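Novice: Have a look at this one.
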Amino acid sequence: SDDTRTYAWAHSALRRACLARYLASNDERTALHLDLANYFSGKLSGRPGACEPGDLHAQPLAWVRGEGPGAKRTFNLRRLNGVPHHLLKAGQVSTLITECLFDFQFLLHKVWGLSVVSVEEDLKAALTLERKVGDLNLLHEAIQLSKKVLLQDPCQLASQLVGRLQQIVTEDKPVAPDDPRKYPHLLRLLNECQRSSMPFLVSSFTCLLPPGGLMYSTLTGHTDQITAVTCFQKGLQAITASRDGTLKIWDLISGKALHTVHGVGKDIDSITLCLQNTLAAVTEDNALQVWDIHAGKQIFTVTGSLDPPIVRSALDGQHLLAFYDGSHFVKIFDVSNCCRLLHQVDITPENDPIHKDRTILVSEYSLRDQVLFAYRSGKEGMVLSSKEGKVVAKLPARDAAASVQGVAVTKDYFLLVCRYPCSRLRQVLHVELFGVTSRAYVRTVSGCCDHRLSFLSVNHSGSHLLALSSSRQTNTSTILSWNLETEDHKHLAEFSSATIGGSCLDLRFCLAICKGENFLRVWNLASRINDQSLAISTSNMKSAEGIVDITPMKNNSSYVVCRSLNSEVISIWNIRKSKYKGQAVQLERGLVDGTNIALVRDTKLYILSDKGMATHSETPRPIFQTLLIYDLVKKKYTTKLTDLHIIPCLKHEYRILASEQLLGLSEYRDHLVLWNLKTGFIKERVRPNYKDQFCPLNGLPSHSNCDCYNEHLTTRKRGGNSGGLAEFMTPWEKRTETKTARRRRLDKEMEREITTLKQFCKEKSNPIDQYLLSGNDKVVICSYFAHHLAVFNLETETHTHTLEDRASMLFLHCAALTEGGDHLVLPNYNDEDKVSYVTLWDLCTGKVRKRLKNEPNVCCTAITDSADRIVLGIAETNRLKVWDPFRKGHKTIPGYKNLNFGTNNSVHLTDGGSKAIILAGDVSVWDLDGGNVLSIFTPDGTIATMTLAAQSNLILLSMSNHHVLITLSLTPKNKVQLTSGGDVFGEVSSSSSSEDESKPLDRPQPSGN
């Protein structure tokens, strides 16, 4: 690529001869590797004659053609591969660390041009030679945690590194002024990330899983998603099923696949081993199949059942049990005798099960011929004997309010894992132990778990109960352990992705499969099972509550008010000062409980409380009787209004207006209500006035039916477009149609039109489905699950326009309103033409301004303040549409690989409509003029909500399982500039550098309270 000739050995004998003549000693080999490393780095060698200055060529990391995000890059693979290799061979580990592994540009180009796997190999090789550098281990773990993301999008390297390592570097402060830092290389690496010439979304705080936890290894070999896994009862082996149609047997010590069975189904739900691991019973849909593993043949099958079976083995794999939860019976087969049916046992419970699908929980392994099972969310466990073919014991939970979540068996105990939903600590799991001989209750071991259990497993010795708890809402999973002897409870590891199954018979090999992954994750729990720092007590545990509501202050753009999941915690954040990254400047607890509604505007918190019943009306209705106004700056209540009549609504249907009014809905949701927050009483009821334009008797316009008919007939005579039955008549039928037939046809059309008008008139009485409020609090537009929308002006408190479309139902779920409330864009479907439209309405005139045809699957929209640009998120095709309605132009921008538009997505426009920020699982920034994606940020968990800070393009987001407000900024050009309104909440800073939210990490930290 740079006109340098490369020689390859053409014959092994020639290679050996050259090595013997020129590289006989270690010193010669080391010197040659160093010369090659210096050559690729563009440096002169210290050895005479190694390389002349004139022979040195520029060795860039990549050759770039073009400018901007669309530039084409040809990566210098010889330098990316050669420099680390030759530095390792030359023993120059320190040079490798400073010039390669902690050089951001080198890392980025290697991840981008080759793969993150190549970087992992370099880090492993460096760790084997230099273990004293703590930066290496942290970087290696951070790369491992980011591996899944970087394999799909290498350009997220800076976002991932800063998101995982920033807090570690921030807390790495020298004890004395002259003391060195603990992680100097990480500090330099993160500063290079933030100064990179490429745009990256950099988070303000560690919002991704940081290094330092228990890492996992992977077993790869399947070409499609793994759907089931189980361990061998004897020997350190496991078997997996995949959608590639194979079963694989793995040696867990070497990590290699020993044997593969082909031709198995692609939707295997579970695997159970029988007859000393020679047979595998698999379930696919509602069928049960038994395969000979070594012969690779199916020897038995059971089909035709109405329910998917849950299969377990007993009596050392000689008996196979198939539980059918919908039919409430168990089939027991003798696998050692040609899978002969031994028993069919009725296990119908005394009370109907709560769940209708996946009702039965069965222990992973058995105790001789005894298998423990229970109905999910039931109150007892049952012991089934495969020999006797009946339930031999019932194990009731200790509390009548128990809800069984899992069952397991050891050589000494039957285990019931219960949760008490009515308890204050609903996240506590109670592991109740029953003796295997007496079947009597022995004791309880407690632990905590906020989410569902993916699997339960007991190790060979029976000393530990292990579980995987996963949450699809947060997209994270946790490995839990209970020591059944010492009763210790630990959270051993946390990782992103929701698990769908797993197994663990040996603490050295904890296996888990995650949704959509074609590899197996393996943890060595033995290294941390006795770490007492991980122990968690149920008496002092705290559940992590994420932020669900973010409200930027309009009068002071430096502050944001956030509300937790249950509204018990109100937090104020300073997004201008870097000193307060990850730390709220003020927390308010106990102001709001679950029955109250808290609304925020600037520095005031409005609390609707004292819910009661209105007795003065004919039908008693719930109302809020008290309004409390809390000043967040003064930290005290300033106003208390009682004996009020505030109608309850959903929280998002209340709005605090700039004129100190509360906007909500009426009792029947048919009009808007404005409350005066100074007095607490209703100021005005804003009703639609379109009902006055129609006759209440027949729903027709004020002129008579006869006049309407004559007008309709005149239109037909003039040859106007009838839109009726005449559209389906042939020319011959029109010419030969008699006057009587024409009269009957027109009567039918008139009757149909009257029916339609009556239906539209009836829709005018529908309740409000949803409303949108303009950014200046002056215009409200309401939808009614009908063919019309109503526009209200809150300044004049009047109904100004009715937007109607007789062929389309009009909804606001995917609509967008301009800041001034003068334009509305919404997608709609025309039922007559069977065509999807995107319509731009002029709310000042109440008429359609522009319309874009054939745009289906629009899931989110955004519009600029001047309505000159509209952006649409298109589901299924996962693309972005940019429409400039006043310039008669539109274009489509294809999405990136993992973009997944759907419900709960949002689009925000910045920089006058030239850029778009999209939340669709990931957070992405798009250059709409250039037609490309600038940067993407992929979190480990699920983003609960996202918005933009006032007067800036700073992205504010919160995670479902994280209590810290996260800010994302695009580097290096889009620096955050927020107008300062002073330190409202008493923050003190002695340095102006704290005002710069994007300052490098190596600047001195400001002092202050």
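All residue names refer to the structure tokens as shown: chains lettered A, B, ... in order, residues numbered from 1 in each chain, ligands numbered from 1 in order.
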Got a sec: who's within 6 Å of His430 (chain A), counting only C-alpha atoms, leaving out chain neighbours fewer than 6 positions off, as a ChimeraX atom specification?
Specialist: /A:417-418,445-446
Novice: Within 7 Å of region 236-238 of chain A, counting only C-alpha atoms, which residues qualify if same-chain residues fewer than 4 places away don't, as a list in words?
Specialist: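 With the cut-off at 7 Å, the set is Thr230, Cys231, Phe232, Ile249, Trp250, Asp251 and Leu252 of chain A.
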Novice: So how many Å separate CA of Ser217 (chain A) and CA of Arg521 (chain A), to one decimal?
Specialist: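 Going from CA of Ser217 (chain A) over to CA of Arg521 (chain A) covers 5.9 Å.
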Novice: Using only C-alpha atoms, which residues sit within 9 Å of region 381-387 of chain A once same-chain residues fewer than 3 positions away are excluded, as a PyMOL selection string?
Specialist: chain A and resi 314-315+319-321+332-333+342-343+368-375+378+390-397+404+407+414-416
Novice: Considering only C-alpha atoms, state which residue in the set A:Thr910, A:Thr642, A:Thr619, A:Thr223 is at the smallest distance from Glu517 (chain A).
Specialist: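 Using only C-alpha atoms, the shortest distance to Glu517 (chain A) belongs to A:Thr223.
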Novice: When you look at Asp549 (chain A) with a cut-off of 10 Å (counting only C-alpha atoms), what residues show up, excluding the ones that are within fewer than 2 positions of it in the same chain? I need them as a PyMOL selection string.
Specialist: chain A and resi 546-547+551+561-565+567+570+944-947+957-958
Novice: I need the chosen residues saved as a JSON list (two decimals), in the first residue's frame, with C-alpha atoms.
Specialist:
```
[["chain", "number", "residue", "atom", "x", "y", "z"],
["A", 546, "GLY", "CA", -34.29, 4.57, 38.28],
["A", 547, "ILE", "CA", -35.34, 8.06, 37.22],
["A", 551, "THR", "CA", -37.91, 18.19, 33.83],
["A", 561, "VAL", "CA", -35.47, 18.25, 38.37],
["A", 562, "CYS", "CA", -35.91, 14.47, 38.34],
["A", 563, "ARG", "CA", -38.47, 12.14, 39.87],
["A", 564, "SER", "CA", -37.85, 8.53, 40.89],
["A", 565, "LEU", "CA", -40.01, 5.56, 39.98],
["A", 567, "SER", "CA", -42.10, 9.62, 43.26],
["A", 570, "ILE", "CA", -37.16, 14.34, 44.04],
["A", 944, "ALA", "CA", -36.18, 5.00, 30.76],
["A", 945, "THR", "CA", -36.55, 8.50, 29.33],
["A", 946, "MET", "CA", -34.63, 11.04, 27.27],
["A", 947, "THR", "CA", -34.98, 14.77, 26.67],
["A", 957, "LEU", "CA", -31.26, 10.55, 29.91],
["A", 958, "SER", "CA", -31.95, 8.15, 32.73]]
```
Novice: Compile the contact shell of region 486-496 of chain A as a PyMOL selection string: residues with an atom at most 9 Å away, counting only C-alpha atoms, same-chain residues fewer than 5 positions apart removed.
Specialist: chain A and resi 145+209+213-215+444-448+474-481+523+525+528-529+531-538+939-941
Novice: Store the residues picked out above, limited to N, CA, C and O atoms, as a compact mmCIF listing (two decimals), in the first residue's frame.
Specialist:
```txt
# COMPACT_ATOMS: atom_id res chain seq x y z
N LEU A 145 -16.27 -6.03 28.38
CA LEU A 145 -17.65 -5.64 28.61
C LEU A 145 -18.25 -4.96 27.39
O LEU A 145 -19.46 -5.03 27.17
N LEU A 209 -21.73 -0.67 32.88
CA LEU A 209 -21.15 -1.54 33.90
C LEU A 209 -19.64 -1.32 33.95
O LEU A 209 -18.95 -1.47 32.94
N GLY A 213 -15.79 -6.30 38.18
CA GLY A 213 -16.67 -7.41 38.53
C GLY A 213 -16.12 -8.73 38.04
O GLY A 213 -15.03 -8.82 37.47
N LEU A 214 -16.93 -9.77 38.24
CA LEU A 214 -16.53 -11.11 37.80
C LEU A 214 -16.76 -11.22 36.31
O LEU A 214 -17.87 -11.06 35.82
N MET A 215 -15.71 -11.48 35.56
CA MET A 215 -15.79 -11.56 34.11
C MET A 215 -16.11 -12.99 33.67
O MET A 215 -15.90 -13.95 34.41
N THR A 444 -35.22 -21.28 57.14
CA THR A 444 -35.35 -20.40 55.99
C THR A 444 -34.07 -19.60 55.80
O THR A 444 -33.50 -19.09 56.76
N VAL A 445 -33.63 -19.52 54.56
CA VAL A 445 -32.49 -18.68 54.17
C VAL A 445 -33.04 -17.58 53.27
O VAL A 445 -33.72 -17.86 52.29
N SER A 446 -32.74 -16.33 53.62
CA SER A 446 -33.31 -15.20 52.89
C SER A 446 -32.29 -14.57 51.95
O SER A 446 -31.08 -14.68 52.15
N GLY A 447 -32.80 -13.91 50.95
CA GLY A 447 -31.98 -13.17 50.00
C GLY A 447 -32.84 -12.16 49.29
O GLY A 447 -34.06 -12.09 49.50
N CYS A 448 -32.25 -11.36 48.42
CA CYS A 448 -33.01 -10.32 47.73
C CYS A 448 -32.86 -10.49 46.23
O CYS A 448 -31.81 -10.86 45.72
N THR A 474 -34.93 -3.73 32.16
CA THR A 474 -33.63 -3.06 32.23
C THR A 474 -32.57 -3.73 31.37
O THR A 474 -31.48 -3.19 31.22
N ASN A 475 -32.86 -4.92 30.83
CA ASN A 475 -31.92 -5.67 29.99
C ASN A 475 -30.62 -5.98 30.73
O ASN A 475 -29.53 -5.91 30.18
N THR A 476 -30.74 -6.34 32.00
CA THR A 476 -29.58 -6.74 32.81
C THR A 476 -29.92 -8.02 33.55
O THR A 476 -31.08 -8.36 33.77
N SER A 477 -28.87 -8.73 33.97
CA SER A 477 -29.02 -9.98 34.72
C SER A 477 -28.01 -10.02 35.86
O SER A 477 -26.95 -9.40 35.77
N THR A 478 -28.35 -10.77 36.89
CA THR A 478 -27.50 -10.89 38.08
C THR A 478 -27.40 -12.35 38.48
O THR A 478 -28.40 -13.08 38.45
N ILE A 479 -26.19 -12.77 38.86
CA ILE A 479 -25.98 -14.13 39.39
C ILE A 479 -26.05 -14.05 40.91
O ILE A 479 -25.30 -13.30 41.54
N LEU A 480 -26.97 -14.82 41.50
CA LEU A 480 -27.19 -14.82 42.94
C LEU A 480 -26.76 -16.16 43.52
O LEU A 480 -26.80 -17.19 42.85
N SER A 481 -26.34 -16.13 44.79
CA SER A 481 -25.97 -17.38 45.47
C SER A 481 -26.46 -17.34 46.90
O SER A 481 -26.50 -16.29 47.54
N TRP A 523 -18.91 -18.49 33.77
CA TRP A 523 -18.29 -17.79 34.90
C TRP A 523 -17.63 -18.80 35.84
O TRP A 523 -18.18 -19.91 36.05
N LEU A 525 -17.31 -19.10 39.41
CA LEU A 525 -17.81 -18.55 40.67
C LEU A 525 -16.96 -18.95 41.86
O LEU A 525 -17.07 -18.33 42.93
N ARG A 528 -14.93 -16.27 43.75
CA ARG A 528 -15.54 -15.19 44.53
C ARG A 528 -16.66 -15.68 45.44
O ARG A 528 -17.34 -14.87 46.06
N ILE A 529 -16.85 -16.97 45.52
CA ILE A 529 -17.98 -17.48 46.30
C ILE A 529 -17.79 -17.22 47.78
O ILE A 529 -18.78 -17.13 48.54
N ASP A 531 -16.09 -14.50 48.98
CA ASP A 531 -15.76 -13.09 49.17
C ASP A 531 -16.87 -12.43 50.00
O ASP A 531 -17.99 -12.22 49.53
N GLN A 532 -16.56 -12.12 51.25
CA GLN A 532 -17.57 -11.58 52.16
C GLN A 532 -17.96 -10.14 51.82
O GLN A 532 -18.98 -9.65 52.30
N SER A 533 -17.17 -9.47 51.02
CA SER A 533 -17.55 -8.11 50.63
C SER A 533 -18.77 -8.09 49.72
O SER A 533 -19.41 -7.05 49.55
N LEU A 534 -19.10 -9.24 49.13
CA LEU A 534 -20.25 -9.33 48.25
C LEU A 534 -21.52 -9.72 48.99
O LEU A 534 -22.60 -9.76 48.39
N ALA A 535 -21.39 -10.06 50.28
CA ALA A 535 -22.55 -10.51 51.05
C ALA A 535 -23.56 -9.39 51.20
O ALA A 535 -23.21 -8.22 51.40
N ILE A 536 -24.85 -9.74 51.09
CA ILE A 536 -25.94 -8.77 51.20
C ILE A 536 -26.90 -9.25 52.27
O ILE A 536 -27.30 -10.42 52.29
N SER A 537 -27.25 -8.35 53.17
CA SER A 537 -28.21 -8.66 54.22
C SER A 537 -29.56 -8.08 53.85
O SER A 537 -29.65 -6.96 53.34
N THR A 538 -30.61 -8.83 54.09
CA THR A 538 -31.95 -8.35 53.77
C THR A 538 -32.40 -7.21 54.67
O THR A 538 -33.36 -6.51 54.36
N PRO A 939 -26.38 1.67 25.43
CA PRO A 939 -26.26 1.41 26.87
C PRO A 939 -26.31 -0.08 27.18
O PRO A 939 -26.70 -0.89 26.33
N ASP A 940 -25.90 -0.42 28.39
CA ASP A 940 -26.02 -1.81 28.82
C ASP A 940 -27.46 -2.15 29.17
O ASP A 940 -27.92 -3.27 28.91
N GLY A 941 -28.15 -1.21 29.78
CA GLY A 941 -29.53 -1.43 30.18
C GLY A 941 -30.50 -0.72 29.25
O GLY A 941 -30.19 -0.40 28.10
```
Novice: Could you list, as a VMD selection string, every residue within 6 Å of Val330 (chain A), counting only C-alpha atoms and ignoring same-chain residues fewer than 2 positions away?
Specialist: chain A and resid 322 to 323 344 to 345
Novice: Might you pull out every residue within 12 Å of Gly664 (chain A), with only C-alpha atoms counted and same-chain residues fewer than 5 positions away left off, and present them as a compact mmCIF listing (two decimals) with C-alpha atoms, in the first residue's frame?
Specialist:
```
# COMPACT_ATOMS: atom_id res chain seq x y z
CA ILE A 646 -59.31 19.08 41.58
CA ILE A 647 -60.42 16.30 39.27
CA PRO A 648 -58.07 13.27 39.22
CA CYS A 649 -56.29 12.54 35.92
CA LEU A 650 -53.25 10.61 34.87
CA LYS A 651 -50.06 12.36 35.92
CA HIS A 652 -48.97 13.23 32.39
CA GLU A 653 -52.37 14.84 31.76
CA TYR A 654 -51.66 17.61 34.27
CA ARG A 655 -49.59 20.59 33.14
CA ILE A 656 -48.36 23.59 35.12
CA LEU A 657 -48.61 26.66 32.89
CA ARG A 669 -62.92 13.94 29.89
CA ASP A 670 -64.95 15.94 27.36
CA HIS A 671 -63.31 19.35 27.92
CA LEU A 672 -60.29 21.08 29.49
CA VAL A 673 -60.22 22.62 32.95
CA LEU A 674 -57.97 25.46 34.19
CA TRP A 675 -57.36 25.84 37.92
CA ASN A 676 -55.93 29.01 39.45
CA ILE A 682 -61.49 26.46 38.78
CA LYS A 683 -60.80 29.50 36.64
CA GLU A 684 -62.33 28.34 33.36
CA ARG A 685 -63.73 25.29 31.62
CA VAL A 686 -62.56 25.35 28.01
CA ILE A 768 -60.58 13.28 25.04
CA GLN A 770 -54.90 12.65 24.31
CA TYR A 771 -53.78 16.25 24.07
CA LEU A 772 -50.62 18.12 23.08
CA LEU A 773 -49.50 21.43 24.59
CA VAL A 780 -53.69 22.87 23.06
CA CYS A 782 -57.02 17.37 21.58
```
Novice: What is the CA of Gly846 (chain A) to CA of Glu751 (chain A) distance in Å?
Specialist: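 Between CA of Gly846 (chain A) and CA of Glu751 (chain A) the gap works out to 28.7 Å.
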Novice: In region 183-399 of chain A, what's strand (DSSP E) per DSSP? Answer as a ChimeraX atom specification?
Specialist: /A:200-203,216-220,226-231,237-242,246-251,256-262,268-274,279-284,287-292,297-302,310-314,319-324,329-334,340-346,360-362,370-375,380-385,390-396
Novice: Could you tell me which of A:Arg745, A:Arg79, A:Pro552, A:Arg687 comes closest to Met729 (chain A) if we count only C-alpha atoms?
Specialist: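 Counting only C-alpha atoms, the residue closest to Met729 (chain A) is A:Arg745.
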Novice: With only C-alpha atoms as the atoms that count, which of A:Lys132, A:His451, A:Arg164, A:His109 lies nearest to Gln144 (chain A)?
Specialist: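 That would be A:Arg164, the residue with the smallest distance to Gln144 (chain A).
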Novice: Please, what distance in Å, to one decimal, runs between CA of Tyr637 (chain A) and CA of Leu591 (chain A)?
Specialist: 10.1 Å
Novice: Rank A:Leu587, A:Thr877, A:Lys554, A:Val569 by their smallest atom-to-atom distance to Arg601 (chain A), using only C-alpha atoms, and report the top residue only.
Specialist: A:Lys554
Novice: Point out the residue among A:Glu987, A:Asp135, A:Ser94, A:Ala920 with the least atom-to-atom distance to Lys577 (chain A), counting only C-alpha atoms.
Specialist: A:Glu987
